[in-house]
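A.B. asks: Supplied in structure tokens, the structure appears directly below.
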Amino acid sequence: MCKESDAVLLGAVGGPKWDSNPQHLKPERALLGLRKELGLYANIRPAKIYSALVGASALKKEIVQDVDIMVVRELTGGLYFGKPAGFEKRNGDEVGFNTMIYSVSEVKRIAESAFEIARRRKKKVCSVDKANILEVSQLWRKVVTDVAKKYPDVELSHMYVDNCSMQLIRNPKQFDVIVTENMFGDILSDEAAMLTGSIGMLASASLGGTVAMYEPVHGSAPDIAGQNKANPIATIASVAMMLKYSFNLGAESDAIENAVEKVLSKGFRTGDIYTEGTTLVGTKEMTEKIVEYI
Ligand code: IPM
Ligand code: MG
């Protein structure tokens, strides 16, 4: 069904109920299958702070004000898909293992996506790797440096992933576009999301194939599922991205984003972004308010 669609909007999946299932029967596997089958190698995760929410961030206002980062995460390679992977007995001891592997062509196309995106922004790309230790990262760095030659108008820097995780907290404003491999991107995009106050705010688009997929960055939040508490903004903002990137409906996409801003500036908050003096609402009320402003 997804392959026959023009775009896919994905609701977060997974939960403790399925955690002890065998790998192939976990809902997360289906998500990975969709990404791979649809060829969605470029996952773009914007972390932009809404001005009304500066106070909801766990970091100081001066640090997070005006933060506007785009994490470009490679989505169909690296540690998530590398072979060999599995469990086996080695010298009488059981081991579990995965492989972090990238080919030149895989790195080249994600680097190109990042440079293209940077051209439409502040023209800065920071490539994140662990090239002081990993061969796979040394290849990554070499290829990104090569691709950069085609984009002389874009400034390229390199950063080790551990340093990047620190810099995101210390001085997030230094970043414009961050490009990185699958697993590093998984981790850093959660961290970047949290700068904005809550991971419940952040949308993402997965591009690269003919059918794109849109999904919130957050997981399924099983602890609050079904209680009318979850923040619907990440999903609503994912629809805005879908209208823009898959259907070229810029004005309609802006209408959604502006409605979200409006509702936040009027002081409506779900629990995850609630601060004193604002109005606490549930998932349904938040959605209704946004619809009203659209
Ligand atoms: C994400 C999620 C997924 C991932 C999980 C649910 C498999 O954390 O989209 O960031 O790790 O890619
Ligand atoms: Mg994740």
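Chains: A, B, ... in order of the structure tokens. Residues: from 1 per chain. Ligands: from 1, in order shown.
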List all protein, DNA and RNA residues that have an atom no more than 12 Å from any atom of ligand 2, counting only C-alpha atoms and all ligand atoms, and report them as a VMD selection string.

C.D. replies: chain A and resid 12 to 14 28 31 to 32 43 45 73 75 80 182 to 193 199 202 to 204 215 to 220

A.B. asks: Using DSSP assignments from the backbone, pull out every residue in stretch 1-244 of chain A that falls under helix (DSSP H, G or I) and give it to me as a ChimeraX atom specification.

C.D. replies: /A:16-19,23-25,27-37,51-56,61-64,78-80,104-119,135-148,161-170,172-174,182-195,199-201,222-224,233-244

A.B. asks: What's around stretch 256-264 of chain A at 9 Å? Count only C-alpha atoms, leave out sequence neighbours fewer than 2 positions away in its own chain, and write the answer as a PyMOL selection string.

C.D. replies: chain A and resi 50-53+233+236-237+239-240+251-254+266-269+286+289-294

A.B. asks: Kindly indicate which residue among A:Tyr151, A:Phe87, A:Phe247, A:Tyr160 lies nearest to A:Ala212, using only C-alpha atoms for the distances.

C.D. replies: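 Closest to A:Ala212 of all the choices is A:Phe247.
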
A.B. asks: I'd like to know which of A:Ala230, A:Val72, A:Ala42, A:Ile49 is closest to A:Met213, using only C-alpha atoms.

C.D. replies: A:Ala42

A.B. asks: Once DSSP has gone over the backbone, tell me which residues of stretch 109-267 of chain A are in strand (DSSP E or B), as a list of chain:residue names.

C.D. replies: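 Assigned to strand (DSSP E or B), within stretch 109-267 of chain A: A:Lys124, A:Val125, A:Cys126, A:Ser127, A:Val128, A:Asp129, A:Glu155, A:Leu156, A:Ser157, A:His158, A:Met159, A:Tyr160, A:Val177, A:Ile178, A:Val179, A:Thr180, A:Ala203, A:Ser204, A:Ala205, A:Ser206, A:Leu207, A:Ala212, A:Met213, A:Tyr214, A:Glu215, A:Pro216.
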
A.B. asks: Using only C-alpha atoms, please write the residues we just selected to a file, as an mmCIF file, in the first residue's frame.

C.D. replies:
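Dumped everything to result39.cif:
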data_model
loop_
_atom_site.group_PDB
_atom_site.id
_atom_site.type_symbol
_atom_site.label_atom_id
_atom_site.label_comp_id
_atom_site.auth_asym_id
_atom_site.auth_seq_id
_atom_site.Cartn_x
_atom_site.Cartn_y
_atom_site.Cartn_z
ATOM 1 C CA LYS A 124 27.215 25.451 6.688
ATOM 2 C CA VAL A 125 27.599 21.676 6.869
ATOM 3 C CA CYS A 126 29.102 19.896 9.859
ATOM 4 C CA SER A 127 29.862 16.252 9.100
ATOM 5 C CA VAL A 128 29.862 14.115 12.225
ATOM 6 C CA ASP A 129 31.880 10.900 12.496
ATOM 7 C CA GLU A 155 31.422 25.785 4.438
ATOM 8 C CA LEU A 156 32.301 22.265 5.584
ATOM 9 C CA SER A 157 33.563 21.277 9.020
ATOM 10 C CA HIS A 158 34.094 17.861 10.610
ATOM 11 C CA MET A 159 33.393 16.902 14.185
ATOM 12 C CA TYR A 160 33.721 13.723 16.213
ATOM 13 C CA VAL A 177 23.243 21.418 8.865
ATOM 14 C CA ILE A 178 24.614 18.306 10.595
ATOM 15 C CA VAL A 179 25.139 15.265 8.362
ATOM 16 C CA THR A 180 25.889 11.909 9.921
ATOM 17 C CA ALA A 203 8.855 16.359 12.718
ATOM 18 C CA SER A 204 10.928 14.525 10.171
ATOM 19 C CA ALA A 205 10.927 13.706 6.482
ATOM 20 C CA SER A 206 12.580 10.687 4.909
ATOM 21 C CA LEU A 207 13.463 11.300 1.296
ATOM 22 C CA ALA A 212 8.617 9.921 0.793
ATOM 23 C CA MET A 213 7.730 9.146 4.396
ATOM 24 C CA TYR A 214 6.960 11.600 7.180
ATOM 25 C CA GLU A 215 7.064 10.796 10.858
ATOM 26 C CA PRO A 216 7.526 12.363 14.262
#

A.B. asks: Select, from A:Leu168, A:Ser137, A:Asn91, A:Glu181, the residue with the minimum atom-to-atom distance to ligand 1, counting only C-alpha atoms and all ligand atoms.

C.D. replies: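 The answer is A:Glu181, which sits nearest to ligand 1.
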
A.B. asks: Within 7 Å of stretch 64-70 of chain A, counting only C-alpha atoms, which residues show up once you throw out same-chain ones fewer than 5 positions away? Write them as an MDAnalysis selection string, please.

C.D. replies: chainID A and resid 44:49 54 59 172:173 175:178 195

A.B. asks: Set the distance at 7 Å and use only C-alpha atoms: which residues neighbour A:Gly86 once local chain neighbours fewer than 4 positions away are removed? I'd like the list as a list of chain:residue names.

C.D. replies: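 In the requested form, the answer reads A:Gly96, A:Phe97, A:Asn98.
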
A.B. asks: For the selection you just gave me, I'd like the residues written to a file as a PDB file, in the first residue's frame, keeping N, CA and C atoms.

C.D. replies:
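Result saved to out_19.pdb:
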ATOM      1  N   GLY A  96      26.758 -11.205  20.366  1.00  0.00           N
ATOM      2  CA  GLY A  96      25.842 -10.485  19.483  1.00  0.00           C
ATOM      3  C   GLY A  96      26.670  -9.475  18.722  1.00  0.00           C
ATOM      4  N   PHE A  97      26.387  -9.269  17.435  1.00  0.00           N
ATOM      5  CA  PHE A  97      27.240  -8.356  16.677  1.00  0.00           C
ATOM      6  C   PHE A  97      26.495  -7.675  15.535  1.00  0.00           C
ATOM      7  N   ASN A  98      26.974  -6.470  15.211  1.00  0.00           N
ATOM      8  CA  ASN A  98      26.477  -5.691  14.075  1.00  0.00           C
ATOM      9  C   ASN A  98      27.672  -5.122  13.333  1.00  0.00           C
TER      10      ASN A  98
END

A.B. asks: Using only C-alpha atoms and all ligand atoms, can you tell me which of A:Met241, A:Leu79, A:Val95, A:Met166 comes closest to ligand 1?

C.D. replies: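 Of A:Met241, A:Leu79, A:Val95, A:Met166, the one nearest ligand 1, counting only C-alpha atoms and all ligand atoms, is A:Leu79.
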
A.B. asks: Compare A:Leu139, A:Leu34, A:Ile101, A:Leu134 by their minimum atom-to-atom distance to ligand 1, counting only C-alpha atoms and all ligand atoms, and give me the closest one.

C.D. replies: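 That would be A:Leu34, the residue with the smallest distance to ligand 1.
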
A.B. asks: Please determine, counting only C-alpha atoms, which residue among A:Val104, A:Lys130, A:Glu4, A:Pro16 has the shortest atom-to-atom distance to A:Asp223.

C.D. replies: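 Among A:Val104, A:Lys130, A:Glu4, A:Pro16, it is A:Pro16 that comes nearest to A:Asp223.
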
A.B. asks: Find the distance between atom CA of A:Asp19 and atom CA of A:Lys36 and write it in Å to one decimal.

C.D. replies: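 Interatomic distance here is 21.7 Å.
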